[in-house]
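Before any comments, here is the structure.
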Amino acid sequence: MYELTTIVDFEAAHRLADYPGKCNRLHGHNWKVEVTVAGEELDNLGMLIDFRVLKQEVNKVIETLDHYYLNEIEPFRTVNPTAENIAKYIYGELNNHLADRGIAVKLVKVWESSHSAAVYQEG
Ligand SMILES: [Zn+2]
């Protein structure tokens, strides 16, 4: 089993509905997203997936979040845009993008500050 990790950043605003504190108010973060993918087979270059291609696929998902007010876009109109739920969203979308390459997303870690991160993984 091979694993690759890449990190991308995006900026977005959110508010946490029903949160009993200041995160209830509109504010922004510079989010950092760590993505780890895994697979068994290397290509003839000895790569699981080219980092450049992996980053392109991650960025396709990140573009759906970057510089948005997350509460106004799907799926966060009805799901609170916490770091946990953002990680799960990225995990699902990226898995769809990578499925036909024989590569699975292992985990997505979303940092909302330099000290606070949430991980989503399955299995
Ligand atoms: Zn926040």
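Every chain in the structure tokens has a letter given in the order shown (A, B, ...), and although residue numbers restart at 1 in each chain, ligands are simply numbered from 1 in the order shown.
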
Which residues are close to region 97-103 of chain A, i.e. within 8 Å by only C-alpha atoms, leaving aside same-chain residues fewer than 6 positions away? Reply as a PyMOL selection string.
chain A and resi 37-39+48+57

Written selection (N, CA and C atoms) as an mmCIF file, in the first residue's frame:
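Dumped everything to result29.cif:
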data_model
loop_
_atom_site.group_PDB
_atom_site.id
_atom_site.type_symbol
_atom_site.label_atom_id
_atom_site.label_comp_id
_atom_site.auth_asym_id
_atom_site.auth_seq_id
_atom_site.Cartn_x
_atom_site.Cartn_y
_atom_site.Cartn_z
ATOM 1 N N VAL A 37 -4.055 10.067 -0.015
ATOM 2 C CA VAL A 37 -4.680 9.055 -0.859
ATOM 3 C C VAL A 37 -3.841 7.790 -0.788
ATOM 4 N N ALA A 38 -4.460 6.666 -1.111
ATOM 5 C CA ALA A 38 -3.770 5.382 -0.987
ATOM 6 C C ALA A 38 -4.128 4.476 -2.157
ATOM 7 N N GLY A 39 -3.197 3.616 -2.507
ATOM 8 C CA GLY A 39 -3.442 2.634 -3.558
ATOM 9 C C GLY A 39 -2.342 1.594 -3.554
ATOM 10 N N LEU A 48 2.241 6.392 -7.667
ATOM 11 C CA LEU A 48 0.846 6.057 -7.387
ATOM 12 C C LEU A 48 -0.055 6.975 -8.204
ATOM 13 N N GLU A 57 -6.698 17.545 -9.058
ATOM 14 C CA GLU A 57 -7.975 16.951 -8.649
ATOM 15 C C GLU A 57 -8.460 17.551 -7.325
#

Residues contacting ligand 1 - anything with an atom at most 9 Å away, using only C-alpha atoms and all ligand atoms - can you give me those as JSON, numbers by chain?
{"A": [13, 14, 15, 16, 22, 23, 24, 25, 26, 27, 28, 29, 81, 82, 83, 112, 113]}

Please measure the separation of CA of Gln121 (chain A) and CA of Tyr68 (chain A), giving the value in Å to one decimal.
24.5 Å

Mind checking DSSP for region 16-113 of chain A and telling me the strand (DSSP E or B) residues as a list in words?
His27, Gly28, His29, Asn30, Trp31, Lys32, Val33, Glu34, Val35, Thr36, Val37, Ala38, Gly39, Tyr69, Ala104, Val105, Lys106, Leu107, Val108, Lys109, Val110, Trp111, Glu112 and Ser113 of chain A

Would you work out the distance separating CA of Glu3 (chain A) from CA of Val105 (chain A), expressed in Å to one decimal?
9.3 Å

Got a sec to tell me which of chain A DSSP assigns to alpha helix (DSSP H), as a list in words?
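Of chain A, the ones in alpha helix (DSSP H) are Phe51, Arg52, Val53, Leu54, Lys55, Gln56, Glu57, Val58, Asn59, Lys60, Val61, Ile62, Ala83, Glu84, Asn85, Ile86, Ala87, Lys88, Tyr89, Ile90, Tyr91, Gly92, Glu93, Leu94, Asn95, Asn96, His97 and Leu98 of chain A.
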
Serialized selection, C-alpha atoms, as an mmCIF file, in the first residue's frame:
data_model
loop_
_atom_site.group_PDB
_atom_site.id
_atom_site.type_symbol
_atom_site.label_atom_id
_atom_site.label_comp_id
_atom_site.auth_asym_id
_atom_site.auth_seq_id
_atom_site.Cartn_x
_atom_site.Cartn_y
_atom_site.Cartn_z
ATOM 1 C CA PHE A 51 1.537 14.891 -7.415
ATOM 2 C CA ARG A 52 0.704 17.471 -10.077
ATOM 3 C CA VAL A 53 -2.393 15.494 -11.107
ATOM 4 C CA LEU A 54 -3.385 14.853 -7.501
ATOM 5 C CA LYS A 55 -3.155 18.560 -6.770
ATOM 6 C CA GLN A 56 -5.288 19.340 -9.839
ATOM 7 C CA GLU A 57 -7.975 16.951 -8.649
ATOM 8 C CA VAL A 58 -7.895 18.372 -5.110
ATOM 9 C CA ASN A 59 -8.088 21.893 -6.493
ATOM 10 C CA LYS A 60 -11.218 21.019 -8.502
ATOM 11 C CA VAL A 61 -12.918 20.344 -5.189
ATOM 12 C CA ILE A 62 -11.336 23.295 -3.387
ATOM 13 C CA ALA A 83 -14.123 21.727 9.928
ATOM 14 C CA GLU A 84 -15.496 18.193 10.419
ATOM 15 C CA ASN A 85 -18.224 18.611 7.814
ATOM 16 C CA ILE A 86 -15.906 20.375 5.364
ATOM 17 C CA ALA A 87 -13.462 17.466 5.672
ATOM 18 C CA LYS A 88 -16.250 14.967 4.965
ATOM 19 C CA TYR A 89 -17.437 16.968 1.941
ATOM 20 C CA ILE A 90 -13.927 17.146 0.437
ATOM 21 C CA TYR A 91 -13.424 13.433 1.118
ATOM 22 C CA GLY A 92 -16.583 12.464 -0.760
ATOM 23 C CA GLU A 93 -16.061 14.772 -3.721
ATOM 24 C CA LEU A 94 -12.414 13.816 -4.146
ATOM 25 C CA ASN A 95 -13.198 10.111 -3.915
ATOM 26 C CA ASN A 96 -15.586 10.580 -6.847
ATOM 27 C CA HIS A 97 -12.865 12.321 -8.862
ATOM 28 C CA LEU A 98 -10.239 9.652 -8.148
#

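When only C-alpha atoms are used to compute distances to Lys109 (chain A), the closest of the residues A:Val33, A:Met1, A:Asp18, A:Ala12 turns out to be A:Val33.
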
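Our summary of the geometry notes that CA of Asn30 (chain A) is positioned 9.9 Å from CA of His67 (chain A).
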
Distance criterion (only C-alpha atoms): nearest to Arg77 (chain A) out of A:Gly123, A:Asp9, A:Val108, A:Ala17
A:Ala17

Between A:Val35, A:Leu65, A:Leu107, A:Met47, which is the closest to Glu11 (chain A) once you count only C-alpha atoms?
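Closest to Glu11 (chain A), using only C-alpha atoms: A:Leu65.
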
Using only C-alpha atoms, which of the listed residues (A:Ala118, A:Ile49, A:Val79, A:Val8) sits closest to Ala104 (chain A)?
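Once distances to Ala104 (chain A) are computed over only C-alpha atoms, the minimum belongs to A:Ile49.
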